[in-house]
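Encoded as structure tokens, the structure appears first; notes follow it.
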Amino acid sequence: MNLAITSGYVVPVDGDPVDGGTVLITDGKIAEVGAGVRVPEGYQVVDAGGSWVLPGFVEAHGHLGVYEEAEGWAGNDVNEMTDPNGARLRAIDAINPGDVGFADALSGGVTTAVIKPGSGNPIGGQTVAIKCWGRSVDEMLIREPVSVKSALGENPKRVYGDQKKLPSTRQGVAAVIRDAFMKAQDYRARRAAAADEGKPFDRDGTLEILVRVLDGELPWCQHTHRADDIATALRLADEFGYRVVINHGTEGHLLADTLAARNVPVIIGPLFTARSKVELRQRSLRNPGILARAGVELAITTDHPVVPIHFLVHQATLAVKEGMDPAAALRSITLNPARIMGIDDRVGALRPGLDGDVVIWSGDPLDVMSRALRVFISGREVYSYTQGEPVVADPYYRESSSR
């Protein structure tokens, strides 16, 4: 797709805003960003007319398509709660692009989402980064896997405690993770020995993916709320040397200096929830600002459908209201989540070489009265809001239909 979005207030996120700027998209990729950009012949021109132009937002931790809305049991494939170690499970195998949440994502300016298994298991499975529009998950794919999901705290101990088996305590949850990595270390050594000796070797899907975590290929996305569980997450990471990313991090502000000093990123949220369990007692919209000011690389998440995904920007807005710097808030839903999840070579900013995922806003997106007017993914218009009616491009027929 060859497209030029002109005359906008362009906010690249990783650079200074450009008033009256142009974003040039060639073959679905951003070619130029700035003032005075020459538009080649044959390009479709979209006049932004002074509206704000930003990269599509990135949801770093959600369950779009695996925890479908309005489908009940039939659409819930987020948690395989029959095995404490689900490392071999892949979220990509359960995503339904027909989930109505994808249309909501576009209406909120979200063009990329990292889909993760749920938090019922100590080791939940492999995550995947996708675009929020397409006929099949294979067409929507950015990268797979991008991390492995793990959970500490209340959820796994409740799930397996109710089944009267390991793990039913925090000790047990940590032991399951520790045992799994010890087996992976042994498996890696046996695999290497077999290769050296030219002998056949029986592969194990669970241990293969854990070896990739040990080798530093994939980060370990650690669901954890309480400060003591965050400390356990850091302890386990130290024992086995893997890269840990704190997910949720409700009490991360209590260890902000430690997380910053160790360069451990935090994907914080959801922030629009009741304190429905003990772990959430210190949930506050002030916490993102505390972490950001401490120097923690921070992303904000809705944990969709816990909070509807189109409210991602509103969580950032209210974090600003409670003390977060506005520029940091915008980075927390664009560039930072892309960096944390290792997809910043594709999305997260308006920069030459990145995908042409661009959203035209009626005004500053951190103003709750602003609206996403037009959404482009790889230069293709996939959503528009005209005459009070949202329209999502139909990926199956390449035509437009109201949602």
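Within each chain, counting starts at residue 1; across the structure tokens, chains are named A, B, ... in the order shown, with ligands numbered 1 upward in that order.
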List the spatial neighbours of stretch 319-331 of chain A as a VMD selection string - criterion: any atom at most 10 Å away, only C-alpha atoms, same-chain residues fewer than 3 positions off excluded. chain A and resid 11 13 to 14 54 57 to 58 271 284 to 293 297 to 300 313 to 316 334 to 338 348 to 349 365 to 366
For the residues selected in the previous step, produce a file with C-alpha atoms as an mmCIF file, in the first residue's frame.
data_model
loop_
_atom_site.group_PDB
_atom_site.id
_atom_site.type_symbol
_atom_site.label_atom_id
_atom_site.label_comp_id
_atom_site.auth_asym_id
_atom_site.auth_seq_id
_atom_site.Cartn_x
_atom_site.Cartn_y
_atom_site.Cartn_z
ATOM 1 C CA VAL A 11 3.740 12.558 16.901
ATOM 2 C CA VAL A 13 6.820 9.074 19.815
ATOM 3 C CA ASP A 14 10.571 8.471 19.451
ATOM 4 C CA LEU A 54 0.347 8.737 15.851
ATOM 5 C CA PHE A 57 -1.025 1.589 20.050
ATOM 6 C CA VAL A 58 0.529 -1.668 21.268
ATOM 7 C CA LEU A 271 -5.889 -0.321 36.173
ATOM 8 C CA SER A 284 -3.716 2.573 42.065
ATOM 9 C CA LEU A 285 -3.534 4.821 39.020
ATOM 10 C CA ARG A 286 -0.620 6.556 40.764
ATOM 11 C CA ASN A 287 1.596 3.489 40.460
ATOM 12 C CA PRO A 288 2.556 3.839 36.762
ATOM 13 C CA GLY A 289 3.918 7.323 37.385
ATOM 14 C CA ILE A 290 5.929 6.137 40.375
ATOM 15 C CA LEU A 291 7.534 3.381 38.331
ATOM 16 C CA ALA A 292 8.215 5.632 35.334
ATOM 17 C CA ARG A 293 9.826 8.338 37.479
ATOM 18 C CA GLU A 297 10.781 0.737 31.425
ATOM 19 C CA LEU A 298 7.008 0.671 31.611
ATOM 20 C CA ALA A 299 4.072 -0.449 29.490
ATOM 21 C CA ILE A 300 0.405 -0.160 30.414
ATOM 22 C CA VAL A 313 -5.437 5.012 26.130
ATOM 23 C CA HIS A 314 -7.851 6.068 28.884
ATOM 24 C CA GLN A 315 -5.791 4.168 31.459
ATOM 25 C CA ALA A 316 -2.781 6.170 30.278
ATOM 26 C CA THR A 334 3.477 2.554 21.913
ATOM 27 C CA LEU A 335 7.262 2.305 21.885
ATOM 28 C CA ASN A 336 7.826 0.770 25.326
ATOM 29 C CA PRO A 337 5.563 -2.279 24.912
ATOM 30 C CA ALA A 338 7.068 -2.856 21.469
ATOM 31 C CA GLY A 348 5.660 1.255 18.206
ATOM 32 C CA ALA A 349 6.710 4.501 16.508
ATOM 33 C CA PRO A 365 -5.386 10.972 22.347
ATOM 34 C CA LEU A 366 -4.766 11.605 26.050
#
Please, which residues in stretch 122-239 of chain A fall within 12 Å of stretch 354-358 of chain A when counting only C-alpha atoms, and what is the closest atom pair and distance in Å to one decimal for each, ordered by chain then residue number, as a tab-separated table?
residue	atom	partner	partner_atom	distance
A:Lys131	CA	A:Asp357	CA	9.3
A:Cys132	CA	A:Asp357	CA	10.6
A:Trp133	CA	A:Asp357	CA	11.2
A:Ile142	CA	A:Asp355	CA	10.2
Would you mind exporting N, CA and C atoms of the selected residues as a PDB file, in the first residue's frame?
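Just written: again.pdb:
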ATOM      1  N   LYS A 131      -1.275  -8.371  14.565  1.00  0.00           N
ATOM      2  CA  LYS A 131      -2.026  -7.172  14.222  1.00  0.00           C
ATOM      3  C   LYS A 131      -3.495  -7.411  14.568  1.00  0.00           C
ATOM      4  N   CYS A 132      -4.231  -6.339  14.724  1.00  0.00           N
ATOM      5  CA  CYS A 132      -5.617  -6.454  15.179  1.00  0.00           C
ATOM      6  C   CYS A 132      -6.629  -6.469  14.033  1.00  0.00           C
ATOM      7  N   TRP A 133      -6.196  -6.915  12.875  1.00  0.00           N
ATOM      8  CA  TRP A 133      -7.089  -7.005  11.723  1.00  0.00           C
ATOM      9  C   TRP A 133      -6.557  -8.062  10.769  1.00  0.00           C
ATOM     10  N   ILE A 142       2.841 -11.095  13.620  1.00  0.00           N
ATOM     11  CA  ILE A 142       4.086 -10.316  13.639  1.00  0.00           C
ATOM     12  C   ILE A 142       5.244 -11.227  14.011  1.00  0.00           C
TER      13      ILE A 142
END
Could you tell me, as a PDB file with C-alpha atoms, in the first residue's frame, which residues of stretch 234-318 of chain A DSSP assigns to alpha helix (DSSP H) when given the backbone?
ATOM      1  CA  LEU A 234      13.646 -11.899  40.495  1.00  0.00           C
ATOM      2  CA  ARG A 235      15.094 -14.696  42.619  1.00  0.00           C
ATOM      3  CA  LEU A 236      14.088 -17.359  40.094  1.00  0.00           C
ATOM      4  CA  ALA A 237      15.478 -15.274  37.234  1.00  0.00           C
ATOM      5  CA  ASP A 238      18.787 -14.999  39.077  1.00  0.00           C
ATOM      6  CA  GLU A 239      18.920 -18.759  39.671  1.00  0.00           C
ATOM      7  CA  PHE A 240      18.510 -19.619  36.004  1.00  0.00           C
ATOM      8  CA  ALA A 256      10.708   0.499  41.910  1.00  0.00           C
ATOM      9  CA  ASP A 257      14.358   1.241  42.681  1.00  0.00           C
ATOM     10  CA  THR A 258      15.269  -2.454  42.532  1.00  0.00           C
ATOM     11  CA  LEU A 259      13.456  -2.992  39.234  1.00  0.00           C
ATOM     12  CA  ALA A 260      15.061   0.097  37.712  1.00  0.00           C
ATOM     13  CA  ALA A 261      18.558  -0.860  38.879  1.00  0.00           C
ATOM     14  CA  ASN A 287       1.596   3.489  40.460  1.00  0.00           C
ATOM     15  CA  PRO A 288       2.556   3.839  36.762  1.00  0.00           C
ATOM     16  CA  GLY A 289       3.918   7.323  37.385  1.00  0.00           C
ATOM     17  CA  ILE A 290       5.929   6.137  40.375  1.00  0.00           C
ATOM     18  CA  LEU A 291       7.534   3.381  38.331  1.00  0.00           C
ATOM     19  CA  ALA A 292       8.215   5.632  35.334  1.00  0.00           C
ATOM     20  CA  ARG A 293       9.826   8.338  37.479  1.00  0.00           C
ATOM     21  CA  LEU A 312      -6.000   1.325  26.876  1.00  0.00           C
ATOM     22  CA  VAL A 313      -5.437   5.012  26.130  1.00  0.00           C
ATOM     23  CA  HIS A 314      -7.851   6.068  28.884  1.00  0.00           C
ATOM     24  CA  GLN A 315      -5.791   4.168  31.459  1.00  0.00           C
ATOM     25  CA  ALA A 316      -2.781   6.170  30.278  1.00  0.00           C
ATOM     26  CA  THR A 317      -4.807   9.389  30.489  1.00  0.00           C
ATOM     27  CA  LEU A 318      -5.828   8.787  34.090  1.00  0.00           C
TER      28      LEU A 318
END
Polymer residues at most 8 Å from A:Val148, only C-alpha atoms, same-chain spacing of 6 or more positions, as a count of residues only: 11
Calculate how many Å separate atom CA of A:Gly65 from atom CA of A:Arg135, rounding to one decimal.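 Computing it gives 12.4 Å between the two atoms.
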Within 8 Å of A:Gly109 using only C-alpha atoms, minus same-chain residues under 4 positions, as JSON, numbers by chain: {"A": [56, 57, 105, 310, 359, 372, 375]}
File of the preceding selection, N, CA, C and O atoms, as a CSV table (one decimal), in the first residue's frame:
chain,number,residue,atom,x,y,z
A,56,GLY,N,0.0,3.3,15.7
A,56,GLY,CA,-0.9,2.5,16.4
A,56,GLY,C,-0.5,2.1,17.7
A,56,GLY,O,0.7,1.9,18.0
A,57,PHE,N,-1.4,2.0,18.7
A,57,PHE,CA,-1.0,1.6,20.0
A,57,PHE,C,-0.7,0.1,20.1
A,57,PHE,O,-1.2,-0.7,19.3
A,105,ALA,N,-10.6,-2.9,19.5
A,105,ALA,CA,-9.2,-2.5,19.5
A,105,ALA,C,-8.9,-1.4,18.5
A,105,ALA,O,-8.3,-0.4,18.8
A,310,HIS,N,-10.2,-1.1,24.1
A,310,HIS,CA,-10.2,0.3,23.6
A,310,HIS,C,-10.1,1.3,24.7
A,310,HIS,O,-10.0,2.5,24.5
A,359,VAL,N,-2.6,6.0,13.1
A,359,VAL,CA,-3.9,6.3,13.5
A,359,VAL,C,-4.0,7.9,13.5
A,359,VAL,O,-3.2,8.6,14.0
A,372,ALA,N,-10.4,8.2,17.7
A,372,ALA,CA,-9.6,7.6,16.6
A,372,ALA,C,-10.5,7.7,15.4
A,372,ALA,O,-11.6,7.1,15.3
A,375,VAL,N,-7.9,4.5,11.0
A,375,VAL,CA,-6.8,3.6,11.4
A,375,VAL,C,-6.3,2.8,10.2
A,375,VAL,O,-7.1,2.3,9.4
Just to confirm, what's the straight-line distance from atom CA of A:Met369 to atom CA of A:Val391 in Å (one decimal)?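 Between these atoms lies a distance of 19.1 Å.
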Atom pair atom CA of A:Pro17 / atom CA of A:Gly363: separation (Å): 13.5 Å
From a DSSP pass on the backbone, collect the residues of stretch 69-152 of chain A flagged as strand (DSSP E) and hand them back as a ChimeraX atom specification. /A:110-115,123-126,128-131,141-143,148-151
So that I have them on file, write out the residues from the current selection with N, CA, C and O atoms, as an mmCIF file, in the first residue's frame.
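Saved as part-v5.cif:
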data_model
loop_
_atom_site.group_PDB
_atom_site.id
_atom_site.type_symbol
_atom_site.label_atom_id
_atom_site.label_comp_id
_atom_site.auth_asym_id
_atom_site.auth_seq_id
_atom_site.Cartn_x
_atom_site.Cartn_y
_atom_site.Cartn_z
ATOM 1 N N VAL A 110 -5.721 0.779 18.807
ATOM 2 C CA VAL A 110 -4.788 -0.319 19.071
ATOM 3 C C VAL A 110 -4.657 -1.158 17.802
ATOM 4 O O VAL A 110 -5.640 -1.731 17.326
ATOM 5 N N THR A 111 -3.468 -1.233 17.261
ATOM 6 C CA THR A 111 -3.242 -1.987 16.028
ATOM 7 C C THR A 111 -2.434 -3.256 16.231
ATOM 8 O O THR A 111 -2.406 -4.120 15.350
ATOM 9 N N THR A 112 -1.772 -3.372 17.378
ATOM 10 C CA THR A 112 -0.943 -4.542 17.684
ATOM 11 C C THR A 112 -1.268 -5.035 19.087
ATOM 12 O O THR A 112 -1.442 -4.225 20.004
ATOM 13 N N ALA A 113 -1.326 -6.356 19.236
ATOM 14 C CA ALA A 113 -1.560 -6.929 20.560
ATOM 15 C C ALA A 113 -0.696 -8.164 20.742
ATOM 16 O O ALA A 113 -0.543 -8.969 19.815
ATOM 17 N N VAL A 114 -0.124 -8.287 21.933
ATOM 18 C CA VAL A 114 0.578 -9.511 22.315
ATOM 19 C C VAL A 114 -0.417 -10.365 23.094
ATOM 20 O O VAL A 114 -0.907 -9.955 24.144
ATOM 21 N N ILE A 115 -0.745 -11.514 22.529
ATOM 22 C CA ILE A 115 -1.749 -12.402 23.110
ATOM 23 C C ILE A 115 -1.043 -13.449 23.960
ATOM 24 O O ILE A 115 -0.113 -14.116 23.498
ATOM 25 N N ILE A 123 3.281 -22.257 34.679
ATOM 26 C CA ILE A 123 3.830 -21.990 33.350
ATOM 27 C C ILE A 123 2.677 -22.134 32.369
ATOM 28 O O ILE A 123 2.149 -23.219 32.152
ATOM 29 N N GLY A 124 2.277 -21.009 31.781
ATOM 30 C CA GLY A 124 1.049 -20.986 31.000
ATOM 31 C C GLY A 124 1.203 -21.316 29.533
ATOM 32 O O GLY A 124 0.318 -21.917 28.931
ATOM 33 N N GLY A 125 2.321 -20.900 28.897
ATOM 34 C CA GLY A 125 2.510 -21.185 27.492
ATOM 35 C C GLY A 125 3.155 -20.040 26.737
ATOM 36 O O GLY A 125 3.618 -19.059 27.317
ATOM 37 N N GLN A 126 3.154 -20.177 25.416
ATOM 38 C CA GLN A 126 3.872 -19.266 24.535
ATOM 39 C C GLN A 126 2.959 -18.144 24.039
ATOM 40 O O GLN A 126 1.810 -18.376 23.688
ATOM 41 N N VAL A 128 2.148 -14.622 21.540
ATOM 42 C CA VAL A 128 2.275 -14.294 20.125
ATOM 43 C C VAL A 128 1.903 -12.828 19.921
ATOM 44 O O VAL A 128 0.996 -12.309 20.565
ATOM 45 N N ALA A 129 2.615 -12.149 19.017
ATOM 46 C CA ALA A 129 2.320 -10.763 18.668
ATOM 47 C C ALA A 129 1.609 -10.738 17.324
ATOM 48 O O ALA A 129 2.100 -11.315 16.342
ATOM 49 N N ILE A 130 0.444 -10.067 17.280
ATOM 50 C CA ILE A 130 -0.352 -10.029 16.062
ATOM 51 C C ILE A 130 -0.880 -8.618 15.799
ATOM 52 O O ILE A 130 -0.940 -7.787 16.704
ATOM 53 N N LYS A 131 -1.275 -8.371 14.565
ATOM 54 C CA LYS A 131 -2.026 -7.172 14.222
ATOM 55 C C LYS A 131 -3.495 -7.411 14.568
ATOM 56 O O LYS A 131 -3.942 -8.559 14.655
ATOM 57 N N LEU A 141 -0.021 -12.245 11.874
ATOM 58 C CA LEU A 141 1.165 -12.545 12.678
ATOM 59 C C LEU A 141 2.290 -11.530 12.496
ATOM 60 O O LEU A 141 2.641 -11.160 11.385
ATOM 61 N N ILE A 142 2.841 -11.095 13.620
ATOM 62 C CA ILE A 142 4.086 -10.316 13.639
ATOM 63 C C ILE A 142 5.244 -11.227 14.011
ATOM 64 O O ILE A 142 6.244 -11.311 13.290
ATOM 65 N N ARG A 143 5.110 -11.923 15.130
ATOM 66 C CA ARG A 143 6.172 -12.828 15.580
ATOM 67 C C ARG A 143 5.595 -13.846 16.560
ATOM 68 O O ARG A 143 4.709 -13.518 17.360
ATOM 69 N N VAL A 148 7.380 -16.409 26.958
ATOM 70 C CA VAL A 148 6.660 -17.496 27.625
ATOM 71 C C VAL A 148 6.001 -16.919 28.869
ATOM 72 O O VAL A 148 6.619 -16.167 29.628
ATOM 73 N N LYS A 149 4.728 -17.241 29.048
ATOM 74 C CA LYS A 149 3.938 -16.721 30.172
ATOM 75 C C LYS A 149 4.074 -17.645 31.376
ATOM 76 O O LYS A 149 4.005 -18.860 31.268
ATOM 77 N N SER A 150 4.226 -17.038 32.534
ATOM 78 C CA SER A 150 4.303 -17.761 33.801
ATOM 79 C C SER A 150 3.510 -16.993 34.844
ATOM 80 O O SER A 150 3.278 -15.791 34.687
ATOM 81 N N ALA A 151 3.081 -17.665 35.896
ATOM 82 C CA ALA A 151 2.292 -16.997 36.934
ATOM 83 C C ALA A 151 2.750 -17.408 38.322
ATOM 84 O O ALA A 151 2.974 -18.588 38.606
#
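Closest approach to A:Ile343 from the set A:Ala91, A:Ala189, A:Val37, A:Ala60 is made by A:Ala60, with distances taken over only C-alpha atoms.
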Pick from A:Leu255, A:Gly353, A:Ile25, A:Val78, whichever lies nearest to A:Val45 using only C-alpha atoms: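 Among the listed residues, A:Ile25 lies closest to A:Val45.
For A:Asn79, the list of residues within 7 Å, based on only C-alpha atoms and with local chain neighbours fewer than 6 positions off taken out, reads Pro117, Gly118 and Gly120 of chain A.
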So that I can see what lies close to A:Pro40, please list as a ChimeraX atom specification the residues with an atom at most 12 Å from it, counting only C-alpha atoms and leaving out residues fewer than 5 positions away in the same chain. /A:2-4,24-26,31-32,45
When you count only C-alpha atoms, which of these residues is closest to A:Tyr43: A:Leu280, A:Met1, A:Ala74, A:Val10?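 Looking at the shortest contact to A:Tyr43, the residue is A:Met1.
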